[in-house]
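*Asks:* I'd like to ask you about the structure that follows.
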Amino acid sequence: MSEFNHNDFEPKWQKYWQDNNIYKVDVDKNKPKFYALDMFPYPSGAGLHVGHPMGYIASDIVSRFKRLKGFNVLHPMGFDSFGLPAEQYAIETGQHPAITTEANISTFKGQMNKIGFSFDWNREVQTSSPDYYRWTQWIFQQLFNSWYDKDANKAKDIAELIAHFEAKGTEGIHAECDDNSTPFTAEEWKAYSENEKAQILLQYRLTFLSEAMVNWCPALGTVLANDEVKDGVSERGGHPVERKKMKQWMMRITAYADRLLNNLEGLNWSDALKEMQRNWIGKSIGCEIDFKVVDKDITLTAFTTRVDTTYGVTYVVLAPEHELIPELTTAEQKEAVDAYVETAKNRSERERQSDVKTVSGVFTGSYVTNPLTGEKTPLWIADYVLAGYGTGVVMAVPSSDDRDFRFANHFGLPIVRVIEGTEDMEDPTEVKKGKMINSGFLNGLESDEAIKVAIDKLVSAGQGKAKVNFRIRDAVFSRQRYWGEPVPVYFDENDTPQLVPDSQLPLDLPEVEKYLPTPEGDPPLGNTKDWKFDDKFGYELTTMPGWAGSSWYFLRYMDPQNKEAFVSKEAAEYWNQVDLYVGGTEHATGHLLYSRFWNMFLFDMGFISHEEPFKRIVNQGMIQGRSNFVYRVKGTNQFVSHGLKKDYEVQPLYVDVNIVENDVLDTDKFKEWRQDYANAEFILEDGKYICGSVVEKMSKSKYNVVNPDVVIEKYGADTLRLYEMFLGPIEQSKPWSMQGIDGVWKFLRKLWRLFYNDAGQLVVVDEKATPADLKILHKAIKKAGEDMESLSLNTTVPAFMVCVNELAAAKCYKKEVLEKLLIILSPFAPHISEELWHAALGQKDSIINAEFPAFDASLLVEASHTYPVSINGKMRVKLDLPIDISQEEAKEAVFANEIVQKWVEDKPIKKFIFVPKRIVNVVV
Ligand code: ANZ
């Protein structure tokens with residue numbers, strides 16, 4: 001006797017899978033591998049809502065599918081457990097972030113296990129665990145000990161660079177290095193002190209200390225990465241962000257800019273995602289042009305992508321941060337310049353770049369000479385020029401560039417249009433726009449060609465050089481916060497950074513009394529008085545940024561317990577690239593660039609054998625919330641139903657969606673929900689209180705968060721899994737609604753009925769399947785297999801529904817068919833499949849170890865067609881005829897039939913009409 005009740009079997013099988021270590025995987029060279037990865041979560045205090053598991057469910061389905069297809073599947077999960085919220089909480093409550101983090105992880109794991117994910121928890125990683133960050137620190141040290149050889153186009157050991165300096169100085173070295181590095185000879189190198197050598201090497205190391213302009217967020221007390229700042233405020237918390245110069249650890253990601261760009265081609269990522277990375281990397285091919293300052297021994301260099309427009313330059317602009325401003329500002333202009341620089345300084349780069357409305361700037365009082373026309377051109381300062389891009393100097397061409405045009409118009413600067421010799425110089429409409437000059441040598445050339453000619457001319461005159469620029473910047477690697485990886489560095493007697501010896505890793509995060517900066521403004525680690533290397537030298541006080549631990553976790557999953565290496569060569573070789581990576585697009589320009597960079601570096605150094613970490617990425621859409629409202633009649637304790645509210649003056653208030661079903665409010669629960677509603681009165685429509693609704697982001701404050709635990713309690717994990725996929729294509733954002741969930745639950749009950757009847761008795765039989773049964777089954781095998789391969793999982797669910805309906809209609813309870821149906825359904829609904837597999841079909845091994853049924857195309861081809869046979873316009877009989885029958889054979893078969901013979905008797909046949917796969921008509 002058996003009834004369908006998910007609570008009877010879901011927890012049971014979850015326990016069975018865990019107890020039997022069903023999901024454990026190891027390197028197995030006899031099987032092909034498949035690596036399915038989810039972007040690991042930050043374990044926030046709020047736990048998972050129904051939006052989070054959407055991606056996890058999709059990757060879990062694919063993992064289970066690949067396993068059934070004979071792959072050795074790596075499907076791990078872990079936690080990105082360093083981060084700001086736990087630290088903010090620590091500041092507010094004194095609770096150690098480690099404790100909060102542990103509690104949150106345990107909530108997350110509990111929730112995940114209830115959904116029935118096939119994670120191999122033996123491989124769990126937590127970025128905040130010393131066993132893990134020991135290796136994050138180790139990778140930092142490898143980067144510190146490396147430089148980038150542009151000739152070989154790869155990273156190399158710094159020892160090689162030192163040997164070269166000793167033999168030849170900087171001659172013959174093409175390295176990625178700081179702009180301020182200068183050439184020296186071998187003799188000069190040898191004469192430098194150890195400290196000087198150390199300072200020079202910092203200019204070459206892939207991680208290095210540098211004074212850099214950073215996004216400083218006073219409220220969060222830390223520096224933020226460019227992708228953590230949105231519209232001038234911090235992405236987390238929305239606090240104001242200022243630009244500030246600070247000494248920072250940096251990562252030389254720019255060394256990899258070209259490879260990060262070029263490799264995109266070969267990756268199976270969406271075009272949109274690739275485009276975001278391309279724009280972020282921002283390669284532009286152009287030229288640096290020298291502008292001599294009039295009456296001063298200074299030359300300014302501007303970067304331009306349109307050297308062909310040099311004739312049209314009517315002024316030159318400096319970024320407000322430009323170092324030479326004091327020297328270039330005349331006495332008369334000093335006051336105005338100082339005031340402008342002061343206000344411009346605090347606007348973030350993003351704000352300055354995106355602001356097209358405000359035009360602001362100031363004249364320095366100095367002039368430069370246009371190298372092509374020899375004309376004297378004014379030198380201005382404006383905040384639309386960014387200090388960190390190109391050279392921080394722009395040659396302005398109002399006739400070709402909109403921004404320059406607006407600026408020139410605003411300040412009454414000249415506009416000169418460059419034309420070609422064949423054009424009519426006297427065109428009065430053009431003259432109005434400004435003066436025109438004839439470039440003389442770019443005549444008749446397309447822009448690309450003109451650019452080449454102009455570059456050649458400038459280069460041969462010694463006034464410029466070809467230059468490729470990237471928008472991407474070296475990445476800041478310091479945070480002035482507590483809850484992060486300590487940087488494994490101390491400062492020696494010369495204040496030179498030295499690496500903590502490998503034998504002393506991990507450098508543990510020390511306990512502190514306070515999580516706030518010290519009174520001197522040092523980061524929280526400065527609160528530890530005796531935290532010193534060798535009891536002498538102070539350690540670095542900043543910690544690593546959020547992106548450190550997440551830049552390599554996918555490698556640690558391959559070999560998580562290894563104490564000798566971050567991953568063994570064997571494991572890295574076997575598991576290799578992530579075959580499917582599922583996660584949100586918000587990581588497009590942060591995590592997905594940083595992790596590619598680290599992976600490439602580790603590849604260059606020979607630690608791993610693949611250059612790109614993620615072969616295929618699927619970005620799941622966001623699940624939005626559906627908020628509900630009640631309407632309080634102003635100044636009363638009465639609440640009026642949505643349809644009647646127009647007759648009252650009302651105040652809409654959010655109501656917890658968990659006490660609303662299909663927009664109908666549970667009024668009793670509402671009264672219990674909050675004390676001030678205990679005496680609420682309701683104005684109902686049709687005896688019900690109907691709530692209003694709106695679709696928006698899921699958030700606690702909107703009371704629209706749906707916890708998967710609640711859905712599972714009511715409908716079960718299998719229904720949740722199927723339903724989340726059924727909601728729509730994985731890449732699409734969509735609102736959460738419970739409206740279709742009943743249908744999915746009923747489908748599972750119907751499936752159950754193929755095994756047990758209404759009375760709960762087993763109905764499965766051992767009979768042979770008919771071609772019709774097999775056709776139903778194989779249609780589903782084909783669809784499910786293709787969909788899981790392409791991740792079109794929303795269309796698989798209806799295909800399963802059709803299959804179950806058709807089998808029910810055909811009364812097919814045959815073991816041979818049902819067995820295969822369960823296997824193909826098991827990736828979506830593992831619990832019910834496992835239950836029926838064992839209880840109804842008597843299997844002993846887990847369904848996870850079954851084999852995905854082979855699809856047989858010949859079974860889908862119809863062997864015969866049922867023809868209605870009409871005699872003198874009346875349908876008299878139906879006949880099954882082979883699909884490929886000829887007209888003659890059909891005629892023979894029809895007249896051989898007894899019923900036909902009865903109606904035709906021996907009358908002469910006037911007409912015989914045969915329409916293949918349609919009808920047979922006989923007229924007598
Ligand atoms: C003259 C010119 C004429 C320019 C024209 C553009 C159009 P991308 O493609 O993004 O590399 N530029 C150079 N350095 C800059 C800085 N630090 N801040 C703001 N703008 C800067 O853009 C390169 C172009 O952006 C350069 O080419 C320069 O303006 C400007 F019809 O030079 B151009």
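Ordering of the structure tokens sets the chain letters (A, B, ...); residue numbers start at 1 within each chain; ligands are numbered from 1 in the order shown.
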Env of segment 44-57 of chain A: 8 Å cut, atoms = only C-alpha atoms, seq-sep filter 4 positions within chain, self excluded. Answer as a list in words.
*Replies:*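 The neighbour list is Asp38, Ile61, Pro85, Ala86, Thr100, Thr101, Asn104, Thr107, Phe108, Gln111, Phe117, Val582, Gly583, Gln620, Met622, Ile623, Gln624, Val705, Val706, Asn707, Pro708, Arg721, Glu724, Met725, Ile730 and Trp736 of chain A.
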*Asks:* What's around Ile281 of chain A at 9 Å? Count only C-alpha atoms, leave out sequence neighbours fewer than 2 positions away in its own chain, and write the answer as number ranges by chain.
*Replies:* A: 254, 257-258, 260-261, 276-279, 283, 470-473, 589
*Asks:* Do you know which residues are within 9 Å of ligand 1 using only C-alpha atoms and all ligand atoms? Can you write them as a count of residues only?
*Replies:* 46
*Asks:* Using backbone DSSP assignments, extract all strand (DSSP E) residues from segment 554-633 of chain A; output them as number ranges by chain.
*Replies:* A: 580-583, 617-619, 623-633
*Asks:* So that I can see what lies close to Lys814 of chain A, please list as a tab-separated table (two decimals) with N, CA and C atoms, in the first residue's frame the residues with an atom at most 8 Å from it, counting only C-alpha atoms and leaving out residues fewer than 2 positions away in the same chain.
*Replies:*
```
chain	number	residue	atom	x	y	z
A	764	VAL	N	2.43	-2.27	-11.39
A	764	VAL	CA	3.47	-2.50	-12.40
A	764	VAL	C	3.44	-3.95	-12.87
A	765	VAL	N	3.53	-4.13	-14.21
A	765	VAL	CA	3.51	-5.49	-14.77
A	765	VAL	C	4.77	-5.75	-15.59
A	766	ASP	N	5.04	-7.01	-15.77
A	766	ASP	CA	6.25	-7.41	-16.48
A	766	ASP	C	6.00	-7.68	-17.97
A	767	GLU	N	5.00	-7.02	-18.54
A	767	GLU	CA	4.65	-7.32	-19.93
A	767	GLU	C	5.58	-6.62	-20.91
A	768	LYS	N	5.54	-7.15	-22.16
A	768	LYS	CA	6.37	-6.56	-23.18
A	768	LYS	C	5.71	-5.29	-23.73
A	769	ALA	N	6.52	-4.26	-23.95
A	769	ALA	CA	5.99	-2.99	-24.44
A	769	ALA	C	5.60	-3.09	-25.90
A	812	CYS	N	-0.39	1.97	-19.74
A	812	CYS	CA	0.89	1.25	-19.81
A	812	CYS	C	1.56	1.26	-18.44
A	816	GLU	N	9.32	-2.42	-18.17
A	816	GLU	CA	10.30	-2.11	-19.20
A	816	GLU	C	10.27	-0.62	-19.58
A	817	VAL	N	9.06	-0.06	-19.61
A	817	VAL	CA	8.91	1.34	-19.99
A	817	VAL	C	9.15	2.25	-18.78
A	818	LEU	N	8.53	1.90	-17.65
A	818	LEU	CA	8.58	2.75	-16.47
A	818	LEU	C	10.00	2.90	-15.93
```
*Asks:* Provide the atom CA of Ile105 of chain A to atom CA of Val25 of chain A distance in Å, to one decimal place.
*Replies:*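 We find that atom CA of Ile105 of chain A and atom CA of Val25 of chain A lie 22.5 Å from each other.
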*Asks:* Going by DSSP on the backbone, which bits of segment 603-850 of chain A are alpha helix (DSSP H)? Write them as number ranges by chain, please.
*Replies:* A: 603-604, 667-673, 708-715, 717-726, 741-753, 771-790, 793-809, 815-825, 830-839
*Asks:* In Å, how far is it from atom CA of Pro41 of chain A to atom CA of Ala225 of chain A?
*Replies:* 19.1 Å
*Asks:* Can you pull out the residues contacting Lys688 of chain A? Cut-off 10 Å, using only C-alpha atoms, and skip same-chain residues under 4 positions away; I want them as a list of chain:residue names.
*Replies:*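 Once the adjacent positions are removed, what remains is A:Ser641, A:Asp663, A:Val664, A:Leu665, A:Asp666, A:Thr667, A:Phe682, A:Ile683, A:Leu684.
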*Asks:* When you look at segment 690-703 of chain A with a cut-off of 7 Å (counting only C-alpha atoms), what residues show up, excluding the ones that are within fewer than 5 positions of it in the same chain? I need them as a PyMOL selection string.
*Replies:* chain A and resi 624-630+641-642+654-657+663-665+735
*Asks:* Taking only residues of segment 7-83 of chain A that have an atom at most 9 Å from an atom of segment 87-99 of chain A, what is each one's shortest atom pair and its distance in Å to one decimal, using only C-alpha atoms, in chain and number order, as CSV?
*Replies:*
```
residue,atom,partner,partner_atom,distance
A:Ser81,CA,A:Ala98,CA,8.8
A:Phe82,CA,A:Pro97,CA,8.7
A:Gly83,CA,A:Glu87,CA,6.9
```
*Asks:* Point out the residue among A:Glu681, A:Asp149, A:Asp178, A:Glu819 with the least atom-to-atom distance to Tyr631 of chain A, counting only C-alpha atoms.
*Replies:*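 Checking each of A:Glu681, A:Asp149, A:Asp178, A:Glu819 against Tyr631 of chain A, counting only C-alpha atoms, the winner is A:Glu681.
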*Asks:* Could you tell me which of A:Glu573, A:Val660, A:Glu194, A:Ala678 comes closest to Gln739 of chain A if we count only C-alpha atoms?
*Replies:*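 Checking each of A:Glu573, A:Val660, A:Glu194, A:Ala678 against Gln739 of chain A, counting only C-alpha atoms, the winner is A:Val660.
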*Asks:* I need the residue nearest Glu160 of chain A from this list: A:Pro519, A:Arg252, A:Tyr148, A:Thr866. Use only C-alpha atoms for the distance.
*Replies:* A:Tyr148
